[in-house]
Amino acid sequence: MIDHVEHALPDYRILPPDVAARMEQIKKRDYVLEIDRVTKVFTQKRNRTVALDSIEFGVHRRELVCVVGPSGCGKSTLIRILAGLEDATEGRILMDGKPVRGPGSDRGMVFQKYTLFPWLDVCRNVMFGIEMGGVDRLEAQRQAMQWLQMIGLEQFATAYPHQLSGGMQQRVAIARALAASPRVLLMDESFSALDAQTRTKMQNYLMEIWRKIDITIVFITHDLDEAIYLADRILVLKPHPGQVEEVIEVPLSRPRRAEQMTSAEFLATKAHLEGLIRSFGASDDMDEDEVTIDLPLLTLVTDQVE
Amino acid sequence: MQGFLASWRLYGRTDRMLRNIFGILAVLLPLLLWSAVSYLPFVWHPQVLITDPGGEEYLETGMRMNRADFARAVTEMQEQHQPVPQGIPSNPVYLPSPGDVLSAFVHAFTSSAPVGAEHSITQAFAHSIRIIFWGFVISSVMGVPLGIMCGSIPAVARLVEPAVDFFRYLPAPAFGALAVAILGIYDAPKIAIIVIGTLFQQILVIANTTRKLDFSLVEASRTLGAKGLRLLFRVVIPGILPDLYRDQRILLGWAWTYLIVAELIGTSSGITWFITQQARYQHFDNVFAAMALIGIVGLGTDMVLGVVGRKLFTWKRENG
Ligand SMILES: Nc1ncnc2c1ncn2[C@@H]1O[C@H](COP(=O)(O)OP(=O)(O)OP(=O)(O)O)[C@@H](O)[C@H]1O
Ligand SMILES: [Mg+2]
């Protein structure tokens with residue numbers, strides 16, 4: 001059954017002319033990152049979990065791709081394979097056409113957990129990746145300070161991570177990843193621990209940075225608004241086993257603004273994504289629409305107001 | 001008052017003043033108890049110190065005997081109309097009073113103190129500290145790098161840990177005779193015993209600490225291009241350093257427990273030898289003074305190391 005609101009909305013597949021032109025342009029570019037029939041099977045004793053099943057996808061240069069899907073569909077597994085932190089059971093990852101072996105500084109990653117080095121101050125954290133690239137200390141420090149300026153945290157250069165708020169730590173983590181000058185930035189629910197306001201700010205930061213430098217971003221999220229707001233294309237995965245359900249081209253023009261989140265195109269895309277995710281949920285044991293918890297009534301104060 | 005009650009609750013809160021008060025009480029209460037037992041004649045004092053043997057020929061001045069036996073001697077003499085033995089209540093010789101111990105302790109640091117390891121607390125103790133120091137340094141030079149490698153390199157762990165686990169269960173004293181046969185009778189076998197007692201634990205404890213490093217930090221550094229030695233020296237070692245430091249503090253205490261064995265093999269020496277000899281002469285004030293010295297130095301070192309650790313590792317939130 002289709003929501004009656006959806007009738008009033010435009011088709012999410014119809015791109016406005018400027019977006020269509022941009023999409024055309026992006027597609028002409030080469031693939032930076034290719035996922036070549038990647039399958040991942042976890043075996044624990046007798047249990048075999050197929051986390052990913054023949055995923056096939058290519059990310060163009062300077063594209064921002066979001067990956068969405070219900071919990072447990074293999075998003076984290078996919079991005080860890082992209083980063084080289086996990087090996088694919090079958091298939092391979094190509095970076096600029098060459099297969100990758102293990103992690104490397106060409107694929108930076110920002111994790112969901114805060115992973116700044118707690119023993120280094122903010123500046124040294126940002127310097128870490130630069131120094132690993134063989135740059136000498138003074139030059140690394142200069143570059144790190146520039147990055148801190150860009151994320152607006154230069155006055156915290158000598159603070160330690162535990163003295164920063166979660167949002168600030170995540171900003172530093174992004175700066176640290178970008179400072180190592182990777183070709184691709186991988187982000188696994190990097191903003192999910194932040195409150196709504198900080199999150200919106202961080203999304204704008206990310207797009208601002210992405211506009212200024214030559215970087216390709218793969219961003220995992222379970223927040224559909226976030227996915228639509230950020231992405232050029234959205235890769236929708238379905239669970240059990242993780243497979244590509246659909247690749248959506250987001251019909252929103254750039255630069256993105258918060259007002260676009262109430263536009264008809266946005267709502268149409270969101271309605272479609274919600275429908276998709278809900279259809280996966282139906283096969284799952286957790287159906288959020290019909291939550292029936294077997295719990296006796298434990299309070300005398302009822303919902304009714306006299 | 002409320003704060004006082006709260007400090008007795010499970011995970012209750014305490015303020016600084018209460019913590020200080022409890023800290024002082026922790027020292028004062030045992031001392032008070034000891035003083036009470038020593039100086040109040042009606043507390044315990046199960047024996048009588050003879051001051052005048054009277055008519056009883058088997059008694060001597062300075063002798064200690066049970067109260068019951070003394071009472072029997074007194075009635076016996078009274079019946080025989082002979083001079084009655086006199087005595088004062090006293091504790092057994094193995095429990096000297098705090099005052100005696102304090103004077104023995106102070107005397108040990110004065111210029112009139114006797115010399116030679118058998119008679120001088122300070123000389124004996126200095127020797128013990130040298131043994132511990134070298135034992136611990138030699139053990140650490142081998143154990144710390146090996147432990148870190150076991151914790152971070154799977155092949156090394158597989159090759160080394162089974163053997164270490166095997167030797168760990170062999171009691172260090174079992175190596176005593178072997179150590180003397182190989183290394184002679186002086187300090188070398190003693191140091192070897194400390195090393196043997198500490199090293200195997202050290203490798204396993206440090207390997208474990210290394211394994212407990214937050215793996216997401218390693219993964220993060222890998223995505224930033226760190227690998228090999230740079231990963232080891234820039235991420236693994238700084239990351240485990242506070243815990244490594246804490247391990248070393250605990251292991252230093254471990255090394256101390258092997259001192260007793262170490263000092264009794266070959267030519268006996270050090271504080272252990274001093275204590276056994278003084279106990280043999282029944283100079284229990286010296287024995288207690290030596291024990292106090294070990295305790296004070298041990299506690300003092302650990303407290304200093306604790307403060308230094310907090311100063312060094314301010315980034316570790318639970319310390320700073
Ligand atoms: N190390 C592992 N060992 C065994 N199974 C695993 C392992 N890691 C992931 N899995 C399984 O793989 C599937 C995908 O996990 P993954 O973490 O990639 O999901 P996800 O899409 O990131 O979920 P979420 O949105 O909750 O983060 C899950 O069914 C999970 O149980
Ligand atoms: Mg995940």
# chains A, B, ... in the order shown; residues from 1 in each chain; ligands from 1
>>> residues_around(residues="Ile191 of chain B", least_positions_apart="6", cutoff="7 Å", atoms="only C-alpha atoms", output="NGL selection string")
:B and (131 or 134-135)
>>> write_last_selection(atoms="N, CA, C and O atoms", output="PDB file, in the first residue's frame")
ATOM      1  N   ILE B 131      70.581  -5.907  45.335  1.00  0.00           N
ATOM      2  CA  ILE B 131      70.153  -7.160  44.702  1.00  0.00           C
ATOM      3  C   ILE B 131      68.836  -6.956  43.952  1.00  0.00           C
ATOM      4  O   ILE B 131      68.689  -7.328  42.782  1.00  0.00           O
ATOM      5  N   TRP B 134      69.286  -4.668  40.731  1.00  0.00           N
ATOM      6  CA  TRP B 134      69.858  -5.323  39.551  1.00  0.00           C
ATOM      7  C   TRP B 134      68.961  -6.432  39.030  1.00  0.00           C
ATOM      8  O   TRP B 134      68.806  -6.602  37.820  1.00  0.00           O
ATOM      9  N   GLY B 135      68.348  -7.174  39.951  1.00  0.00           N
ATOM     10  CA  GLY B 135      67.436  -8.231  39.522  1.00  0.00           C
ATOM     11  C   GLY B 135      66.304  -7.665  38.685  1.00  0.00           C
ATOM     12  O   GLY B 135      65.979  -8.172  37.611  1.00  0.00           O
TER      13      GLY B 135
END
>>> interface_residues(of="chain A", to="chain B", cutoff="6 Å", atoms="only C-alpha atoms", output="JSON list (two decimals) with N, CA, C and O atoms, in the first residue's frame")
[["chain", "number", "residue", "atom", "x", "y", "z"],
["A", 103, "PRO", "N", 45.16, -1.96, 4.93],
["A", 103, "PRO", "CA", 44.88, -0.53, 5.07],
["A", 103, "PRO", "C", 46.02, 0.32, 4.55],
["A", 103, "PRO", "O", 47.16, -0.13, 4.47],
["A", 104, "GLY", "N", 45.71, 1.55, 4.17],
["A", 104, "GLY", "CA", 46.75, 2.44, 3.68],
["A", 104, "GLY", "C", 46.29, 3.88, 3.80],
["A", 104, "GLY", "O", 45.10, 4.15, 3.99],
["A", 105, "SER", "N", 47.24, 4.77, 3.67],
["A", 105, "SER", "CA", 46.90, 6.18, 3.91],
["A", 105, "SER", "C", 46.12, 6.79, 2.75],
["A", 105, "SER", "O", 45.67, 7.92, 2.83],
["A", 108, "GLY", "N", 41.49, 7.16, 4.06],
["A", 108, "GLY", "CA", 41.34, 7.60, 5.44],
["A", 108, "GLY", "C", 40.00, 7.16, 5.99],
["A", 108, "GLY", "O", 39.08, 6.88, 5.24],
["A", 115, "THR", "N", 38.33, 7.95, 18.17],
["A", 115, "THR", "CA", 39.59, 7.21, 18.12],
["A", 115, "THR", "C", 40.80, 8.13, 18.04],
["A", 115, "THR", "O", 41.82, 7.76, 17.49],
["A", 119, "TRP", "N", 47.03, 10.09, 24.09],
["A", 119, "TRP", "CA", 48.29, 10.57, 24.65],
["A", 119, "TRP", "C", 48.88, 11.74, 23.85],
["A", 119, "TRP", "O", 49.91, 12.28, 24.23],
["A", 129, "GLY", "N", 49.12, 11.59, 10.84],
["A", 129, "GLY", "CA", 49.06, 11.07, 9.48],
["A", 129, "GLY", "C", 50.02, 11.77, 8.54],
["A", 129, "GLY", "O", 50.60, 11.15, 7.64],
["A", 132, "MET", "N", 53.41, 10.35, 9.09],
["A", 132, "MET", "CA", 53.50, 9.00, 8.54],
["A", 132, "MET", "C", 53.77, 9.05, 7.04],
["A", 132, "MET", "O", 54.34, 8.14, 6.47]]
>>> residues_near_ligand(ligand="ligand 1", cutoff="7 Å", atoms="only C-alpha atoms and all ligand atoms", output="NGL selection string")
:A and (42-44 or 49-51 or 69-78 or 222)
>>> write_last_selection(atoms="C-alpha atoms", output="mmCIF file, in the first residue's frame")
data_model
loop_
_atom_site.group_PDB
_atom_site.id
_atom_site.type_symbol
_atom_site.label_atom_id
_atom_site.label_comp_id
_atom_site.auth_asym_id
_atom_site.auth_seq_id
_atom_site.Cartn_x
_atom_site.Cartn_y
_atom_site.Cartn_z
ATOM 1 C CA PHE A 42 31.749 -14.763 8.883
ATOM 2 C CA THR A 43 32.206 -18.263 10.240
ATOM 3 C CA GLN A 44 32.027 -18.842 13.936
ATOM 4 C CA THR A 49 26.785 -15.422 8.479
ATOM 5 C CA VAL A 50 26.748 -14.034 4.980
ATOM 6 C CA ALA A 51 27.276 -10.360 5.754
ATOM 7 C CA GLY A 69 20.370 0.014 5.169
ATOM 8 C CA PRO A 70 18.801 -1.554 8.214
ATOM 9 C CA SER A 71 20.922 -2.556 11.171
ATOM 10 C CA GLY A 72 23.017 -5.652 10.502
ATOM 11 C CA CYS A 73 22.922 -5.410 6.718
ATOM 12 C CA GLY A 74 26.716 -5.230 6.522
ATOM 13 C CA LYS A 75 27.402 -1.514 6.167
ATOM 14 C CA SER A 76 30.250 -1.512 8.666
ATOM 15 C CA THR A 77 31.627 -4.713 7.206
ATOM 16 C CA LEU A 78 31.635 -3.147 3.753
ATOM 17 C CA HIS A 222 21.304 4.990 9.330
#
>>> select_by_dssp(residues="segment 64-248 of chain B", states="alpha helix (DSSP H)", output="PyMOL selection string")
chain B and resi 67-79+98-108+121-152+154-168+176-183+187-211+215-223+228-231+237-248
>>> select_by_dssp(residues="segment 47-280 of chain B", states="strand (DSSP E or B)", output="list of chain:residue names")
B:Gln47, B:Val48, B:Leu49, B:Ile50, B:Thr51, B:Asp52, B:Arg64, B:Met65, B:Asn66, B:Gln86, B:Gly87, B:Ile88, B:Pro89, B:Ser90
>>> residues_around(residues="Ile121 of chain B", least_positions_apart="5", cutoff="10 Å", atoms="only C-alpha atoms", output="list of chain:residue names")
B:Ala104, B:Phe105, B:His107, B:Ala108, B:Phe109, B:Ala113, B:Pro114, B:Val115, B:Gly116, B:Ala126, B:His127, B:Gly270, B:Ile271, B:Phe274, B:Ile275, B:Asn286, B:Val287, B:Ala289, B:Ala290, B:Met291, B:Leu293
>>> write_last_selection(atoms="N, CA and C atoms", output="PDB file, in the first residue's frame")
ATOM      1  N   ALA B 104      65.706   1.134  68.691  1.00  0.00           N
ATOM      2  CA  ALA B 104      66.564   0.284  67.862  1.00  0.00           C
ATOM      3  C   ALA B 104      66.683   0.877  66.458  1.00  0.00           C
ATOM      4  N   PHE B 105      65.557   1.382  65.963  1.00  0.00           N
ATOM      5  CA  PHE B 105      65.508   1.954  64.627  1.00  0.00           C
ATOM      6  C   PHE B 105      66.407   3.185  64.543  1.00  0.00           C
ATOM      7  N   HIS B 107      68.796   3.997  66.587  1.00  0.00           N
ATOM      8  CA  HIS B 107      70.172   3.598  66.845  1.00  0.00           C
ATOM      9  C   HIS B 107      70.860   3.107  65.572  1.00  0.00           C
ATOM     10  N   ALA B 108      70.064   2.443  64.730  1.00  0.00           N
ATOM     11  CA  ALA B 108      70.634   1.890  63.501  1.00  0.00           C
ATOM     12  C   ALA B 108      71.190   2.984  62.605  1.00  0.00           C
ATOM     13  N   PHE B 109      70.667   4.205  62.742  1.00  0.00           N
ATOM     14  CA  PHE B 109      71.117   5.290  61.876  1.00  0.00           C
ATOM     15  C   PHE B 109      72.103   6.224  62.558  1.00  0.00           C
ATOM     16  N   ALA B 113      76.192   2.852  65.523  1.00  0.00           N
ATOM     17  CA  ALA B 113      75.614   1.589  65.086  1.00  0.00           C
ATOM     18  C   ALA B 113      76.720   0.582  64.783  1.00  0.00           C
ATOM     19  N   PRO B 114      76.468  -0.690  65.085  1.00  0.00           N
ATOM     20  CA  PRO B 114      77.481  -1.706  64.796  1.00  0.00           C
ATOM     21  C   PRO B 114      77.654  -1.883  63.292  1.00  0.00           C
ATOM     22  N   VAL B 115      78.780  -2.395  62.879  1.00  0.00           N
ATOM     23  CA  VAL B 115      79.026  -2.587  61.447  1.00  0.00           C
ATOM     24  C   VAL B 115      78.968  -4.063  61.092  1.00  0.00           C
ATOM     25  N   GLY B 116      78.943  -4.346  59.796  1.00  0.00           N
ATOM     26  CA  GLY B 116      78.868  -5.717  59.307  1.00  0.00           C
ATOM     27  C   GLY B 116      77.422  -6.086  59.040  1.00  0.00           C
ATOM     28  N   ALA B 126      71.013  -1.997  52.483  1.00  0.00           N
ATOM     29  CA  ALA B 126      71.610  -1.481  51.252  1.00  0.00           C
ATOM     30  C   ALA B 126      71.971  -2.630  50.319  1.00  0.00           C
ATOM     31  N   HIS B 127      72.491  -3.703  50.899  1.00  0.00           N
ATOM     32  CA  HIS B 127      72.838  -4.867  50.084  1.00  0.00           C
ATOM     33  C   HIS B 127      71.595  -5.457  49.430  1.00  0.00           C
ATOM     34  N   GLY B 270      72.256  -9.679  53.420  1.00  0.00           N
ATOM     35  CA  GLY B 270      71.157  -8.731  53.301  1.00  0.00           C
ATOM     36  C   GLY B 270      70.230  -8.738  54.498  1.00  0.00           C
ATOM     37  N   ILE B 271      69.100  -8.127  54.291  1.00  0.00           N
ATOM     38  CA  ILE B 271      68.164  -7.879  55.380  1.00  0.00           C
ATOM     39  C   ILE B 271      67.589  -9.186  55.922  1.00  0.00           C
ATOM     40  N   PHE B 274      70.124 -10.577  58.243  1.00  0.00           N
ATOM     41  CA  PHE B 274      70.104  -9.746  59.444  1.00  0.00           C
ATOM     42  C   PHE B 274      68.942 -10.163  60.349  1.00  0.00           C
ATOM     43  N   ILE B 275      67.774 -10.313  59.762  1.00  0.00           N
ATOM     44  CA  ILE B 275      66.591 -10.625  60.571  1.00  0.00           C
ATOM     45  C   ILE B 275      66.726 -12.005  61.205  1.00  0.00           C
ATOM     46  N   ASN B 286      65.370  -5.264  67.114  1.00  0.00           N
ATOM     47  CA  ASN B 286      66.064  -5.094  65.835  1.00  0.00           C
ATOM     48  C   ASN B 286      65.283  -5.730  64.685  1.00  0.00           C
ATOM     49  N   VAL B 287      64.701  -6.892  64.971  1.00  0.00           N
ATOM     50  CA  VAL B 287      63.912  -7.566  63.934  1.00  0.00           C
ATOM     51  C   VAL B 287      62.759  -6.661  63.493  1.00  0.00           C
ATOM     52  N   ALA B 289      62.536  -3.452  63.884  1.00  0.00           N
ATOM     53  CA  ALA B 289      63.059  -2.243  63.233  1.00  0.00           C
ATOM     54  C   ALA B 289      63.363  -2.526  61.763  1.00  0.00           C
ATOM     55  N   ALA B 290      63.947  -3.700  61.487  1.00  0.00           N
ATOM     56  CA  ALA B 290      64.266  -4.067  60.108  1.00  0.00           C
ATOM     57  C   ALA B 290      62.989  -4.215  59.287  1.00  0.00           C
ATOM     58  N   MET B 291      61.983  -4.850  59.902  1.00  0.00           N
ATOM     59  CA  MET B 291      60.723  -5.015  59.192  1.00  0.00           C
ATOM     60  C   MET B 291      60.095  -3.651  58.889  1.00  0.00           C
ATOM     61  N   LEU B 293      61.630  -0.883  58.475  1.00  0.00           N
ATOM     62  CA  LEU B 293      62.403  -0.232  57.420  1.00  0.00           C
ATOM     63  C   LEU B 293      61.963  -0.739  56.039  1.00  0.00           C
TER      64      LEU B 293
END
>>> residues_around(residues="segment 51-68 of chain B", least_positions_apart="5", cutoff="10 Å", atoms="only C-alpha atoms", output="PyMOL selection string")
chain B and resi 45-46+73-74+76-78+80-93
>>> residues_around(residues="segment 144-155 of chain B", least_positions_apart="4", cutoff="6 Å", atoms="only C-alpha atoms", output="list in words")
Ser140, Ile203, Ile206, Ala207, Thr210 and Arg211 of chain B
>>> atom_distance(atom1="atom CA of Phe133 of chain B", atom2="atom CA of Ala177 of chain B")
21.9 Å
>>> residues_around(residues="Arg62 of chain A", least_positions_apart="6", cutoff="9 Å", atoms="only C-alpha atoms", output="PyMOL selection string")
chain A and resi 26+29+32+183-184+210-211+213-217
>>> write_last_selection(atoms="all heavy atoms", output="short mmCIF file (atom, residue, chain, number, x, y, z; two decimals), in the first residue's frame")
data_model
loop_
_atom_site.label_atom_id
_atom_site.label_comp_id
_atom_site.auth_asym_id
_atom_site.auth_seq_id
_atom_site.Cartn_x
_atom_site.Cartn_y
_atom_site.Cartn_z
N ILE A 26 29.71 13.79 -13.15
CA ILE A 26 30.33 12.87 -12.19
C ILE A 26 30.56 11.52 -12.85
O ILE A 26 31.62 10.90 -12.72
CB ILE A 26 29.44 12.71 -10.94
CG1 ILE A 26 29.49 13.98 -10.09
CG2 ILE A 26 29.88 11.51 -10.11
CD1 ILE A 26 28.57 13.96 -8.90
N ARG A 29 33.60 10.86 -14.86
CA ARG A 29 34.89 10.69 -14.18
C ARG A 29 35.17 9.22 -13.96
O ARG A 29 34.28 8.37 -13.95
CB ARG A 29 34.86 11.40 -12.82
CG ARG A 29 34.63 12.89 -12.93
CD ARG A 29 34.67 13.52 -11.55
NE ARG A 29 34.07 14.84 -11.58
CZ ARG A 29 33.36 15.35 -10.58
NH1 ARG A 29 33.17 14.65 -9.47
NH2 ARG A 29 32.85 16.55 -10.67
N VAL A 32 37.22 5.92 -8.56
CA VAL A 32 38.34 5.93 -7.63
C VAL A 32 38.39 4.61 -6.89
O VAL A 32 39.41 3.98 -6.70
CB VAL A 32 38.19 7.10 -6.63
CG1 VAL A 32 39.23 6.97 -5.53
CG2 VAL A 32 38.34 8.42 -7.33
N ARG A 183 42.93 9.72 -0.74
CA ARG A 183 42.12 9.93 -1.94
C ARG A 183 40.65 9.75 -1.60
O ARG A 183 39.79 10.35 -2.23
CB ARG A 183 42.52 8.92 -3.01
CG ARG A 183 44.00 8.95 -3.35
CD ARG A 183 44.29 9.70 -4.63
NE ARG A 183 43.76 9.02 -5.79
CZ ARG A 183 43.02 9.63 -6.72
NH1 ARG A 183 42.73 10.90 -6.58
NH2 ARG A 183 42.58 8.97 -7.76
N VAL A 184 40.39 8.85 -0.64
CA VAL A 184 39.01 8.54 -0.27
C VAL A 184 38.88 8.69 1.24
O VAL A 184 39.77 8.29 1.99
CB VAL A 184 38.66 7.08 -0.67
CG1 VAL A 184 37.23 6.76 -0.30
CG2 VAL A 184 38.90 6.87 -2.15
N TRP A 210 34.69 19.18 1.76
CA TRP A 210 34.66 18.33 0.57
C TRP A 210 34.64 19.18 -0.70
O TRP A 210 35.22 18.83 -1.73
CB TRP A 210 33.42 17.45 0.66
CG TRP A 210 33.11 16.65 -0.56
CD1 TRP A 210 33.87 15.65 -1.09
CD2 TRP A 210 31.96 16.78 -1.37
NE1 TRP A 210 33.25 15.14 -2.20
CE2 TRP A 210 32.07 15.82 -2.40
CE3 TRP A 210 30.83 17.59 -1.34
CZ2 TRP A 210 31.11 15.65 -3.38
CZ3 TRP A 210 29.87 17.43 -2.32
CH2 TRP A 210 30.01 16.48 -3.33
N ARG A 211 33.96 20.36 -0.63
CA ARG A 211 33.89 21.26 -1.77
C ARG A 211 35.27 21.83 -2.11
O ARG A 211 35.60 22.10 -3.24
CB ARG A 211 32.94 22.42 -1.42
CG ARG A 211 31.98 22.79 -2.54
CD ARG A 211 30.81 23.57 -1.96
NE ARG A 211 31.25 24.72 -1.18
CZ ARG A 211 31.52 25.91 -1.71
NH1 ARG A 211 31.43 26.09 -3.00
NH2 ARG A 211 31.87 26.91 -0.94
N ILE A 213 38.44 20.54 -1.30
CA ILE A 213 39.58 19.69 -1.62
C ILE A 213 39.16 18.52 -2.48
O ILE A 213 37.97 18.16 -2.54
CB ILE A 213 40.29 19.17 -0.35
CG1 ILE A 213 39.32 18.33 0.49
CG2 ILE A 213 40.85 20.31 0.47
CD1 ILE A 213 39.99 17.72 1.68
N ASP A 214 40.14 17.92 -3.10
CA ASP A 214 39.89 16.84 -4.05
C ASP A 214 39.77 15.53 -3.27
O ASP A 214 40.75 14.83 -3.06
CB ASP A 214 41.06 16.77 -5.05
CG ASP A 214 40.87 15.63 -6.04
OD1 ASP A 214 39.79 15.01 -6.03
OD2 ASP A 214 41.81 15.38 -6.80
N ILE A 215 38.56 15.23 -2.82
CA ILE A 215 38.40 14.00 -2.06
C ILE A 215 37.07 13.35 -2.36
O ILE A 215 36.08 14.01 -2.69
CB ILE A 215 38.55 14.27 -0.55
CG1 ILE A 215 38.67 12.96 0.21
CG2 ILE A 215 37.39 15.08 -0.01
CD1 ILE A 215 39.58 13.04 1.38
N THR A 216 37.07 12.04 -2.30
CA THR A 216 35.88 11.24 -2.53
C THR A 216 35.42 10.70 -1.18
O THR A 216 36.25 10.26 -0.40
CB THR A 216 36.22 10.07 -3.48
OG1 THR A 216 36.91 10.61 -4.61
CG2 THR A 216 34.99 9.32 -3.90
N ILE A 217 34.13 10.76 -0.92
CA ILE A 217 33.67 10.37 0.41
C ILE A 217 32.66 9.23 0.33
O ILE A 217 31.73 9.26 -0.48
CB ILE A 217 33.05 11.57 1.15
CG1 ILE A 217 34.09 12.68 1.34
CG2 ILE A 217 32.48 11.14 2.51
CD1 ILE A 217 33.59 13.91 2.05
#
>>> closest_residue(among="A:Lys28, A:Arg92, A:Lys113, A:Arg199", to="ligand 2", atoms="only C-alpha atoms and all ligand atoms")
A:Lys113
>>> residues_around(residues="Ala179 of chain B", least_positions_apart="3", cutoff="12 Å", atoms="only C-alpha atoms", output="ChimeraX atom specification")
/B:172-176,182-196,261-262,265-266
>>> closest_residue(among="B:Leu5, B:Val297, B:Ala255, B:Leu213", to="Val236 of chain B", atoms="only C-alpha atoms")
B:Leu213
>>> closest_residue(among="B:Leu49, B:Leu199, B:Leu40, B:Ile237", to="Ile138 of chain B", atoms="only C-alpha atoms")
B:Leu199
>>> atom_distance(atom1="atom CA of Leu232 of chain B", atom2="atom CA of Asn208 of chain B")
15.6 Å
>>> atom_distance(atom1="atom CA of Leu276 of chain A", atom2="atom CA of Val250 of chain A")
15.3 Å
>>> decode(residues="segment 176-191 of chain B", atoms="C-alpha atoms", output="PDB file, in the first residue's frame")
ATOM      1  CA  GLY B 176      68.518 -21.915  43.906  1.00  0.00           C
ATOM      2  CA  ALA B 177      70.940 -24.817  43.859  1.00  0.00           C
ATOM      3  CA  LEU B 178      71.318 -24.551  40.095  1.00  0.00           C
ATOM      4  CA  ALA B 179      71.991 -20.829  40.295  1.00  0.00           C
ATOM      5  CA  VAL B 180      74.694 -21.337  42.906  1.00  0.00           C
ATOM      6  CA  ALA B 181      76.278 -24.158  40.907  1.00  0.00           C
ATOM      7  CA  ILE B 182      76.452 -21.982  37.803  1.00  0.00           C
ATOM      8  CA  LEU B 183      76.988 -18.505  39.193  1.00  0.00           C
ATOM      9  CA  GLY B 184      78.960 -19.042  42.391  1.00  0.00           C
ATOM     10  CA  ILE B 185      77.999 -18.170  45.907  1.00  0.00           C
ATOM     11  CA  TYR B 186      78.001 -14.388  46.013  1.00  0.00           C
ATOM     12  CA  ASP B 187      75.527 -11.902  44.567  1.00  0.00           C
ATOM     13  CA  ALA B 188      75.139 -13.322  41.052  1.00  0.00           C
ATOM     14  CA  PRO B 189      72.903 -16.284  41.965  1.00  0.00           C
ATOM     15  CA  LYS B 190      70.786 -14.016  44.184  1.00  0.00           C
ATOM     16  CA  ILE B 191      70.182 -11.625  41.332  1.00  0.00           C
TER      17      ILE B 191
END
